[in-house]
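Undergrad: Enclosed is the structure file work.cif (mmCIF, C-alpha atoms and all ligand atoms).
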data_upload
#
loop_
_atom_site.label_atom_id
_atom_site.label_comp_id
_atom_site.auth_asym_id
_atom_site.auth_seq_id
_atom_site.Cartn_x
_atom_site.Cartn_y
_atom_site.Cartn_z
CA MET A 1 103.38 76.93 108.93
CA SER A 2 103.47 78.82 112.22
CA ASN A 3 104.54 82.46 112.53
CA THR A 4 106.82 81.80 115.49
CA THR A 5 110.23 83.38 114.91
CA PRO A 6 112.66 80.51 114.37
CA PHE A 7 115.19 80.38 117.15
CA HIS A 8 117.52 77.78 118.57
CA LYS A 9 120.87 78.32 120.24
CA SER A 10 123.19 75.47 119.29
CA VAL A 11 125.04 73.80 122.15
CA LEU A 12 128.75 72.92 122.47
CA VAL A 13 129.59 74.58 119.16
CA ASP A 14 133.36 74.71 119.75
CA ALA A 15 133.50 70.97 120.50
CA VAL A 16 131.32 70.19 117.48
CA VAL A 17 133.67 72.15 115.22
CA LYS A 18 136.67 70.39 116.77
CA TYR A 19 135.35 66.84 116.39
CA ALA A 20 132.85 66.95 113.51
CA LEU A 21 135.31 66.04 110.74
CA PRO A 22 138.86 64.83 110.22
CA ALA A 23 141.33 67.26 108.61
CA ASN A 24 140.29 67.84 104.98
CA GLY A 25 136.91 66.12 105.50
CA ARG A 26 134.69 66.84 102.50
CA ILE A 27 131.28 65.37 103.20
CA PHE A 28 129.45 66.11 106.45
CA VAL A 29 126.13 64.69 107.61
CA ASP A 30 124.11 66.74 110.08
CA GLY A 31 121.61 64.06 111.07
CA THR A 32 119.56 66.36 113.33
CA PHE A 33 119.72 69.49 111.20
CA GLY A 34 117.11 71.62 112.98
CA LEU A 35 117.70 75.25 112.08
CA GLY A 36 121.22 74.33 110.93
CA GLY A 37 123.22 76.10 113.66
CA HIS A 38 125.86 73.38 113.91
CA SER A 39 126.15 73.01 110.13
CA ARG A 40 126.63 76.75 109.81
CA ALA A 41 129.50 76.61 112.32
CA VAL A 42 131.09 73.58 110.62
CA LEU A 43 130.86 75.21 107.17
CA ALA A 44 132.44 78.40 108.53
CA ALA A 45 135.27 76.58 110.31
CA CYS A 46 136.08 73.80 107.82
CA PRO A 47 136.79 75.15 104.33
CA SER A 48 137.38 71.61 103.02
CA VAL A 49 133.66 70.78 103.35
CA GLU A 50 132.09 70.47 99.92
CA GLU A 51 128.77 68.96 100.86
CA VAL A 52 126.44 68.90 103.86
CA ILE A 53 123.64 66.36 104.03
CA GLY A 54 121.06 67.84 106.41
CA ILE A 55 118.53 65.38 107.82
CA ASP A 56 115.60 66.10 110.11
CA ARG A 57 112.41 64.20 110.97
CA ASP A 58 110.55 67.49 111.12
CA ALA A 59 109.50 68.88 107.72
CA GLU A 60 108.45 72.22 109.20
CA ILE A 61 111.80 73.00 110.79
CA LEU A 62 113.67 71.95 107.63
CA ASP A 63 111.48 74.33 105.66
CA TYR A 64 112.24 77.15 108.06
CA SER A 65 115.95 76.40 107.97
CA CYS A 66 116.02 77.19 104.23
CA LYS A 67 115.39 80.81 105.17
CA SER A 68 117.91 80.97 108.00
CA LEU A 69 120.69 79.00 106.29
CA ASP A 70 120.86 79.18 102.53
CA ASP A 71 124.05 77.55 101.23
CA PRO A 72 124.41 75.64 97.94
CA ARG A 73 126.55 73.01 99.67
CA ILE A 74 123.57 71.85 101.78
CA THR A 75 121.03 69.24 100.64
CA ARG A 76 118.10 68.65 103.01
CA PHE A 77 116.21 65.42 103.58
CA GLN A 78 113.15 64.87 105.71
CA ALA A 79 113.98 61.49 107.23
CA ASN A 80 115.18 59.76 110.34
CA ALA A 81 118.94 59.82 110.85
CA SER A 82 118.79 56.03 110.69
CA ASN A 83 117.66 56.34 107.04
CA LEU A 84 121.16 57.56 106.15
CA PRO A 85 122.10 54.42 104.13
CA GLU A 86 119.15 55.02 101.76
CA ILE A 87 120.05 58.71 101.44
CA LEU A 88 123.67 57.86 100.60
CA ALA A 89 122.49 55.29 98.05
CA GLN A 90 120.24 57.93 96.46
CA LYS A 91 123.26 60.24 96.19
CA ASN A 92 125.57 57.48 94.93
CA LEU A 93 127.86 57.95 97.91
CA CYS A 94 129.67 55.06 99.62
CA GLY A 95 130.55 56.95 102.77
CA VAL A 96 130.95 60.33 104.45
CA ASP A 97 133.66 61.99 106.52
CA GLY A 98 131.68 63.22 109.50
CA ILE A 99 128.30 62.53 111.08
CA LEU A 100 126.74 64.62 113.85
CA LEU A 101 123.65 63.89 115.91
CA ASP A 102 122.42 66.56 118.36
CA LEU A 103 119.50 64.69 119.87
CA GLY A 104 116.14 65.81 121.21
CA VAL A 105 114.11 68.77 120.05
CA SER A 106 115.07 72.34 119.26
CA SER A 107 113.97 75.37 121.25
CA TRP A 108 111.86 76.41 118.28
CA GLN A 109 109.87 73.18 118.42
CA LEU A 110 109.54 73.46 122.20
CA ASP A 111 108.42 77.08 122.09
CA ASN A 112 105.86 76.52 119.35
CA PRO A 113 102.54 75.80 121.12
CA ALA A 114 101.06 74.27 117.96
CA ARG A 115 103.52 71.38 118.25
CA GLY A 116 102.44 70.46 121.78
CA PHE A 117 105.92 69.74 123.20
CA SER A 118 105.63 72.11 126.13
CA PHE A 119 103.18 72.70 128.95
CA SER A 120 104.08 76.39 129.22
CA ARG A 121 101.41 77.42 126.70
CA PRO A 122 98.17 75.67 125.75
CA GLY A 123 98.28 73.65 122.55
CA PRO A 124 97.27 70.30 121.08
CA LEU A 125 98.83 67.38 122.96
CA ASP A 126 100.86 66.29 119.93
CA MET A 127 104.69 66.09 120.39
CA ARG A 128 105.38 64.36 117.07
CA MET A 129 108.63 65.49 115.43
CA ASN A 130 107.31 64.07 112.17
CA SER A 131 103.67 65.10 111.75
CA ASP A 132 103.10 62.07 109.48
CA ASP A 133 103.73 59.66 112.36
CA SER A 134 100.53 58.04 113.51
CA GLN A 135 100.60 58.37 117.31
CA THR A 136 100.41 61.65 119.20
CA ALA A 137 101.03 62.18 122.90
CA ALA A 138 97.24 62.43 123.34
CA ASP A 139 96.89 58.95 121.81
CA LEU A 140 99.38 57.52 124.32
CA VAL A 141 97.89 59.31 127.31
CA ASN A 142 94.34 58.29 126.39
CA LYS A 143 95.03 54.70 125.35
CA LEU A 144 98.00 53.17 127.17
CA ASP A 145 97.24 51.12 130.23
CA ARG A 146 98.19 52.45 133.63
CA ASP A 147 101.31 50.27 134.07
CA GLU A 148 102.71 51.30 130.70
CA LEU A 149 102.23 54.97 131.60
CA VAL A 150 104.02 54.33 134.91
CA ARG A 151 106.91 52.68 133.04
CA ILE A 152 107.25 55.54 130.55
CA PHE A 153 107.18 58.26 133.23
CA PHE A 154 109.61 56.37 135.44
CA GLU A 155 112.08 55.14 132.80
CA TYR A 156 112.15 58.11 130.43
CA GLY A 157 111.34 60.86 132.91
CA GLU A 158 112.83 59.46 136.14
CA GLU A 159 109.59 60.71 137.70
CA LYS A 160 109.27 59.47 141.26
CA PHE A 161 105.52 60.15 141.38
CA SER A 162 104.93 58.04 138.25
CA ARG A 163 102.25 55.87 139.86
CA ARG A 164 100.25 58.74 141.31
CA ILE A 165 100.42 60.61 138.02
CA ALA A 166 99.38 57.58 135.95
CA ASP A 167 96.48 56.93 138.34
CA ALA A 168 95.32 60.54 138.05
CA ILE A 169 95.53 60.38 134.24
CA VAL A 170 93.51 57.16 134.06
CA LYS A 171 90.83 58.65 136.36
CA GLN A 172 90.67 61.94 134.46
CA ARG A 173 90.51 60.40 130.98
CA GLU A 174 87.41 58.45 132.00
CA ILE A 175 85.69 61.79 132.54
CA SER A 176 87.10 63.42 129.43
CA PRO A 177 89.97 62.34 127.13
CA PHE A 178 93.08 64.52 127.04
CA SER A 179 93.52 66.70 123.98
CA THR A 180 95.59 69.69 125.13
CA THR A 181 98.90 70.31 126.88
CA ASP A 182 97.35 72.44 129.63
CA GLN A 183 94.82 69.71 130.54
CA LEU A 184 97.64 67.25 131.04
CA ALA A 185 99.88 69.75 132.87
CA LYS A 186 97.06 70.50 135.34
CA THR A 187 96.35 66.81 136.00
CA VAL A 188 100.05 66.16 136.64
CA TYR A 189 100.36 69.24 138.85
CA ASP A 190 97.37 68.20 140.95
CA ALA A 191 98.65 64.60 141.22
CA VAL A 192 102.04 65.56 142.68
CA PRO A 193 101.89 66.15 146.44
CA ALA A 194 102.49 69.76 147.49
CA ALA A 195 105.74 68.81 149.23
CA GLY A 196 107.00 67.13 146.03
CA ARG A 197 106.18 70.22 143.96
CA HIS A 198 108.42 72.39 146.11
CA GLN A 199 111.36 69.98 146.16
CA THR A 200 112.65 71.14 142.76
CA HIS A 201 112.56 74.39 140.86
CA ILE A 202 111.06 72.74 137.77
CA HIS A 203 107.35 72.46 137.00
CA PRO A 204 105.97 69.08 138.13
CA ALA A 205 104.95 68.29 134.51
CA THR A 206 108.48 68.73 133.09
CA ARG A 207 109.53 65.09 133.45
CA VAL A 208 106.20 63.70 132.27
CA PHE A 209 106.33 65.84 129.12
CA GLN A 210 109.93 64.76 128.42
CA ALA A 211 109.02 61.10 128.92
CA LEU A 212 106.01 61.32 126.61
CA ARG A 213 108.07 63.04 123.92
CA ILE A 214 110.65 60.23 124.03
CA ALA A 215 107.87 57.63 123.82
CA VAL A 216 105.90 59.36 121.03
CA ASN A 217 108.99 59.68 118.84
CA LYS A 218 110.46 56.29 119.86
CA GLU A 219 113.67 58.22 120.41
CA LEU A 220 115.68 55.45 122.04
CA ASP A 221 114.75 52.89 119.35
CA GLU A 222 115.77 55.46 116.76
CA ILE A 223 119.21 55.93 118.37
CA GLU A 224 119.70 52.15 118.39
CA ASN A 225 118.67 51.96 114.73
CA PHE A 226 121.07 54.77 113.88
CA LEU A 227 123.98 53.17 115.77
CA SER A 228 123.36 49.90 113.95
CA ILE A 229 124.00 51.55 110.56
CA VAL A 230 126.45 54.34 111.30
CA LEU A 231 129.72 52.46 110.92
CA GLY A 232 128.72 51.37 107.43
CA CYS A 233 128.15 55.01 106.45
CA LEU A 234 131.49 56.46 107.64
CA ASN A 235 134.59 56.55 105.49
CA PRO A 236 137.72 55.19 107.19
CA GLY A 237 139.04 58.02 109.34
CA GLY A 238 135.57 59.59 109.45
CA HIS A 239 134.22 61.05 112.69
CA LEU A 240 131.03 60.33 114.62
CA THR A 241 129.91 63.05 117.06
CA MET A 242 126.88 62.60 119.28
CA ILE A 243 125.27 65.11 121.66
CA SER A 244 122.72 63.71 124.07
CA PHE A 245 120.59 65.29 126.77
CA HIS A 246 119.35 62.25 128.65
CA SER A 247 121.31 59.63 130.59
CA LEU A 248 119.61 56.77 128.69
CA GLU A 249 120.67 58.27 125.36
CA ASP A 250 124.20 58.88 126.57
CA ARG A 251 124.48 55.33 127.87
CA LEU A 252 123.60 53.94 124.42
CA VAL A 253 126.23 56.14 122.78
CA LYS A 254 128.95 55.43 125.35
CA THR A 255 128.36 51.66 125.25
CA PHE A 256 128.39 51.66 121.45
CA MET A 257 131.68 53.56 121.27
CA GLN A 258 133.36 51.44 123.93
CA LYS A 259 132.18 48.17 122.36
CA ASN A 260 133.49 49.17 118.94
CA GLN A 261 136.80 50.38 120.30
CA LYS A 262 137.46 46.89 121.64
CA GLY A 263 138.97 44.17 119.53
CA CYS A 264 138.92 40.47 120.37
CA GLU A 265 136.20 39.41 122.80
CA CYS A 266 137.39 35.84 123.32
CA PRO A 267 137.63 34.63 126.94
CA PRO A 268 141.15 35.29 128.32
CA ARG A 269 141.75 31.53 128.68
CA PHE A 270 141.65 31.09 124.86
CA PRO A 271 145.23 30.76 123.55
CA VAL A 272 144.33 32.45 120.25
CA CYS A 273 141.53 34.67 119.07
CA VAL A 274 138.66 32.79 117.46
CA CYS A 275 136.10 35.63 117.36
CA GLY A 276 138.08 37.68 114.83
CA LYS A 277 136.60 40.93 116.16
CA LYS A 278 138.71 43.96 115.24
CA PRO A 279 138.43 47.45 116.76
CA GLN A 280 136.36 49.69 114.50
CA LEU A 281 136.41 52.96 116.39
CA GLN A 282 138.89 55.04 118.28
CA ILE A 283 137.24 57.17 120.96
CA LEU A 284 138.34 60.81 120.66
CA THR A 285 136.76 62.12 123.88
CA SER A 286 138.01 60.07 126.83
CA LYS A 287 135.14 61.51 128.90
CA ALA A 288 131.92 63.18 127.81
CA ILE A 289 132.33 66.90 127.12
CA PHE A 290 129.96 69.22 129.01
CA ALA A 291 129.16 72.90 128.55
CA GLY A 292 131.07 75.38 130.68
CA GLU A 293 129.49 77.79 133.16
CA ASN A 294 129.37 80.68 130.69
CA GLU A 295 127.55 78.66 128.07
CA ILE A 296 125.06 77.36 130.64
CA ALA A 297 124.45 80.91 131.89
CA GLU A 298 123.66 82.01 128.33
CA ASN A 299 121.77 78.87 127.35
CA PRO A 300 120.36 76.85 130.28
CA ARG A 301 119.42 74.03 127.87
CA ALA A 302 123.17 73.31 127.52
CA ARG A 303 123.32 72.16 131.16
CA SER A 304 122.36 68.57 130.34
CA ALA A 305 124.19 68.31 127.00
CA ARG A 306 127.08 65.85 126.76
CA LEU A 307 129.16 65.25 123.66
CA ARG A 308 131.09 62.14 122.71
CA ALA A 309 133.11 61.64 119.53
CA ALA A 310 134.92 58.75 117.88
CA CYS A 311 136.86 58.13 114.70
CA LYS A 312 136.35 55.12 112.42
CA ILE A 313 139.61 53.24 112.37
CA ASP A 314 141.42 53.50 109.09
CA THR A 315 142.93 50.15 108.34
CA GLY A 316 144.66 51.58 105.27
CA VAL A 317 146.64 54.80 105.03
CA ALA A 318 146.11 57.04 108.07
CA ARG A 319 144.00 60.12 107.27
CA LYS A 320 144.06 61.83 110.63
C1 LIG B 401 118.48 69.79 119.15
S1 LIG B 401 117.76 70.01 117.59
C2 LIG B 401 119.14 70.22 116.53
C3 LIG B 401 119.64 71.61 116.49
C4 LIG B 401 120.76 71.83 115.49
N1 LIG B 401 121.89 70.96 115.76
C5 LIG B 401 121.21 73.28 115.51
O1 LIG B 401 122.30 73.55 115.99
O2 LIG B 401 120.43 74.13 115.03
C6 LIG B 401 117.32 68.40 117.18
C7 LIG B 401 116.64 68.31 115.81
O3 LIG B 401 116.78 66.99 115.36
C8 LIG B 401 115.56 66.46 114.95
N2 LIG B 401 115.67 65.04 115.29
C9 LIG B 401 115.72 64.48 116.51
N3 LIG B 401 115.95 63.16 116.43
C10 LIG B 401 116.09 62.89 115.10
C11 LIG B 401 116.37 61.72 114.35
N4 LIG B 401 116.56 60.56 114.96
N5 LIG B 401 116.46 61.80 113.04
C12 LIG B 401 116.28 62.98 112.38
N6 LIG B 401 116.00 64.13 113.04
C13 LIG B 401 115.91 64.09 114.37
C14 LIG B 401 114.50 67.25 115.67
O4 LIG B 401 113.32 67.34 114.88
C15 LIG B 401 115.16 68.61 115.80
O5 LIG B 401 114.88 69.47 114.73
#
Can you give me the file's structure in the form of C-alpha cells?
Ligand SMILES: C[S@@+](CC[C@H](N)C(=O)[O-])C[C@H]1O[C@@H](n2cnc3c(N)ncnc32)[C@H](O)[C@@H]1O
TA:
Amino acid sequence: MSNTTPFHKSVLVDAVVKYALPANGRIFVDGTFGLGGHSRAVLAACPSVEEVIGIDRDAEILDYSCKSLDDPRITRFQANASNLPEILAQKNLCGVDGILLDLGVSSWQLDNPARGFSFSRPGPLDMRMNSDDSQTAADLVNKLDRDELVRIFFEYGEEKFSRRIADAIVKQREISPFSTTDQLAKTVYDAVPAAGRHQTHIHPATRVFQALRIAVNKELDEIENFLSIVLGCLNPGGHLTMISFHSLEDRLVKTFMQKNQKGCECPPRFPVCVCGKKPQLQILTSKAIFAGENEIAENPRARSARLRAACKIDTGVARK
C-alpha cells in the first residue's frame, strides 16, 4: 500500500444527500465508494439508514477507507457496481432504497503516481482501477493498432490531434515500448503542434490520459452493464442517483432515465397499446444538476460533474 495521504473532496454533496434515498430509506448502496465521502454525508443526514453497501473496483482505496470511515453500518465489497445483484443475493436482500454512482476516479487515485493515472508525476503506465484486471494502459498503448488508438483518443478524449498523437505513439513504440506515464506524456506533448498546445490551459496529454483510463477500465461498458441491472435492484420508491464527468457517460444515464420514464412505445396510429410497456422511473431532476461557482472554486474537479436522479415507480402504496 502507498503512503500517500488519502484525500478526495466529494462533489455535489448537498444534491447527493437530497436525492440519495426516499424518506425513511433504510438500505443505501454506494456503488463507487472511494474514500466514502458521500456515504459519510448520507449517514449523517439520513438517520433512517441502517445499512450501507459500499462497492469499489479498487481494493486499495477500499482498504484505506476503513481508516477514514469506520461505521458498523457499512459493509464493503471489492466489485464492479454492476455486480450488485450477486452482492444482494449474498446478503439475502431483494432490493435497496437508494443507489449512488459517482463515476470516474478519485483524487487519491489520480494523485498516487504508483497507479499511473496522471502524467503530472512519473509512474508506471497502469491506470487500472482493479489491479487484478489484465490490461494496463501500457498494454493498450504498445499493442493497439493505430486506428484503434485514434478512435479511443477521439471518442473518449475528444482529442482533435488524435491522428498525430497515435502516429507519434506508433513510431516511438517501435524504438522502445512505453512503460511510464512521463514517456507517454512527452510523446503526446511533442506530437501536438505548438499552436495547439497554447489553445487551452490544460496539458496536451490530459485528454489522452482520460481516454486511456476510460478504455483500460471499460468504463462505458460498465455503466451499460450497471444500467441493465439497476432497476431489478431497487425497491419500489427507491432512488437512483448518478454523477458523471464525461458527456458520453451522462448521455447513457440521461437516455436510460428518459427511456424508463416513458410508458407505451407503440406507434401513435395503433388504436390500443400492444407493447405493454409501463413507466418504471420518475425523473427527479428535470435537468442535470451542476456545481455552483463556490464549489468549483474550492474543488475544480466539480466543474464537469453533473448529477441526475430518478425514483423507481411504486405501483403499490406510495412511499415518497
Ligand atoms: C469519484 S470516486 C468516488 C468518490 C466517493 N463518492 C467519495 O465521495 O469519496 C470513484 C470511485 O469509484 C470507483 N469506481 C469507478 N467506477 C466503478 C464501478 N463501475 N464499479 C465500482 N467502482 C467503481 C473508483 O475506483 C473510485 O474509487
Undergrad: Produce as a VMD selection string the set of residues near ligand LIG 401 (chain B), where near means within 9 Å with only C-alpha atoms and all ligand atoms considered.
TA: chain A and resid 7 to 11 13 30 to 41 55 to 62 65 78 to 83 100 to 109 128 to 130 217 to 220 222 to 223 225 to 226 243 to 244
Undergrad: Take CA of Leu88 (chain A) and CA of Asp133 (chain A) and report the distance between them in Å, one decimal.
TA: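 Calculated distance between CA of Leu88 (chain A) and CA of Asp133 (chain A) is 23.2 Å.
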Undergrad: In Å, how far is it from CA of Lys287 (chain A) to CA of Tyr19 (chain A)?
TA: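 Between CA of Lys287 (chain A) and CA of Tyr19 (chain A) the gap is 13.6 Å.
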Undergrad: Could you please determine the separation between CA of Val150 (chain A) and CA of Phe119 (chain A) in Å, to one decimal place?
TA: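 Going from CA of Val150 (chain A) over to CA of Phe119 (chain A) covers 19.3 Å.
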Undergrad: Could you tell me which of A:Ala305, A:Ile175, A:Ala291, A:Val42 comes closest to Leu21 (chain A) if we count all atoms listed in the file?
TA: A:Val42
Undergrad: Counting all atoms listed in the file, which of A:Ile165, A:Ala215, A:Leu184, A:Ala20 gets nearest to Ala310 (chain A)?
TA: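 The answer is A:Ala20, which sits nearest to Ala310 (chain A).
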Undergrad: Got a sec: who's within 10 Å of Pro279 (chain A), counting all atoms listed in the file, leaving out chain neighbours fewer than 5 positions off, as JSON, numbers by chain?
TA: {"A": [258, 259, 260, 261, 262, 263, 264, 312, 313, 315]}
Undergrad: Residues at most 10 Å from Glu293 (chain A), counting only C-alpha atoms, excluding those fewer than 6 positions away in the same chain, as a PyMOL selection string?
TA: chain A and resi 299-300+302-303
Undergrad: Do a neighbour search on region 123-125 of chain A at 12 Å with all atoms listed in the file, toss out local chain neighbours closer than 3 positions, and write the hits as a PDB file with C-alpha atoms, in the frame of the given file.
TA:
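See around-v8.pdb below for the written result:
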ATOM      1  CA  LEU A 110     109.540  73.460 122.200  1.00  0.00           C
ATOM      2  CA  ASP A 111     108.420  77.080 122.090  1.00  0.00           C
ATOM      3  CA  ASN A 112     105.860  76.520 119.350  1.00  0.00           C
ATOM      4  CA  PRO A 113     102.540  75.800 121.120  1.00  0.00           C
ATOM      5  CA  ALA A 114     101.060  74.270 117.960  1.00  0.00           C
ATOM      6  CA  ARG A 115     103.520  71.380 118.250  1.00  0.00           C
ATOM      7  CA  GLY A 116     102.440  70.460 121.780  1.00  0.00           C
ATOM      8  CA  PHE A 117     105.920  69.740 123.200  1.00  0.00           C
ATOM      9  CA  SER A 118     105.630  72.110 126.130  1.00  0.00           C
ATOM     10  CA  PHE A 119     103.180  72.700 128.950  1.00  0.00           C
ATOM     11  CA  SER A 120     104.080  76.390 129.220  1.00  0.00           C
ATOM     12  CA  ARG A 128     105.380  64.360 117.070  1.00  0.00           C
ATOM     13  CA  GLN A 135     100.600  58.370 117.310  1.00  0.00           C
ATOM     14  CA  THR A 136     100.410  61.650 119.200  1.00  0.00           C
ATOM     15  CA  ALA A 137     101.030  62.180 122.900  1.00  0.00           C
ATOM     16  CA  ALA A 138      97.240  62.430 123.340  1.00  0.00           C
ATOM     17  CA  ASP A 139      96.890  58.950 121.810  1.00  0.00           C
ATOM     18  CA  LEU A 140      99.380  57.520 124.320  1.00  0.00           C
ATOM     19  CA  VAL A 141      97.890  59.310 127.310  1.00  0.00           C
ATOM     20  CA  ASN A 142      94.340  58.290 126.390  1.00  0.00           C
ATOM     21  CA  PRO A 177      89.970  62.340 127.130  1.00  0.00           C
ATOM     22  CA  PHE A 178      93.080  64.520 127.040  1.00  0.00           C
ATOM     23  CA  SER A 179      93.520  66.700 123.980  1.00  0.00           C
ATOM     24  CA  THR A 180      95.590  69.690 125.130  1.00  0.00           C
ATOM     25  CA  THR A 181      98.900  70.310 126.880  1.00  0.00           C
ATOM     26  CA  ASP A 182      97.350  72.440 129.630  1.00  0.00           C
ATOM     27  CA  GLN A 183      94.820  69.710 130.540  1.00  0.00           C
ATOM     28  CA  LEU A 184      97.640  67.250 131.040  1.00  0.00           C
ATOM     29  CA  ALA A 185      99.880  69.750 132.870  1.00  0.00           C
ATOM     30  CA  PHE A 209     106.330  65.840 129.120  1.00  0.00           C
ATOM     31  CA  LEU A 212     106.010  61.320 126.610  1.00  0.00           C
ATOM     32  CA  ARG A 213     108.070  63.040 123.920  1.00  0.00           C
ATOM     33  CA  VAL A 216     105.900  59.360 121.030  1.00  0.00           C
TER      34      VAL A 216
END
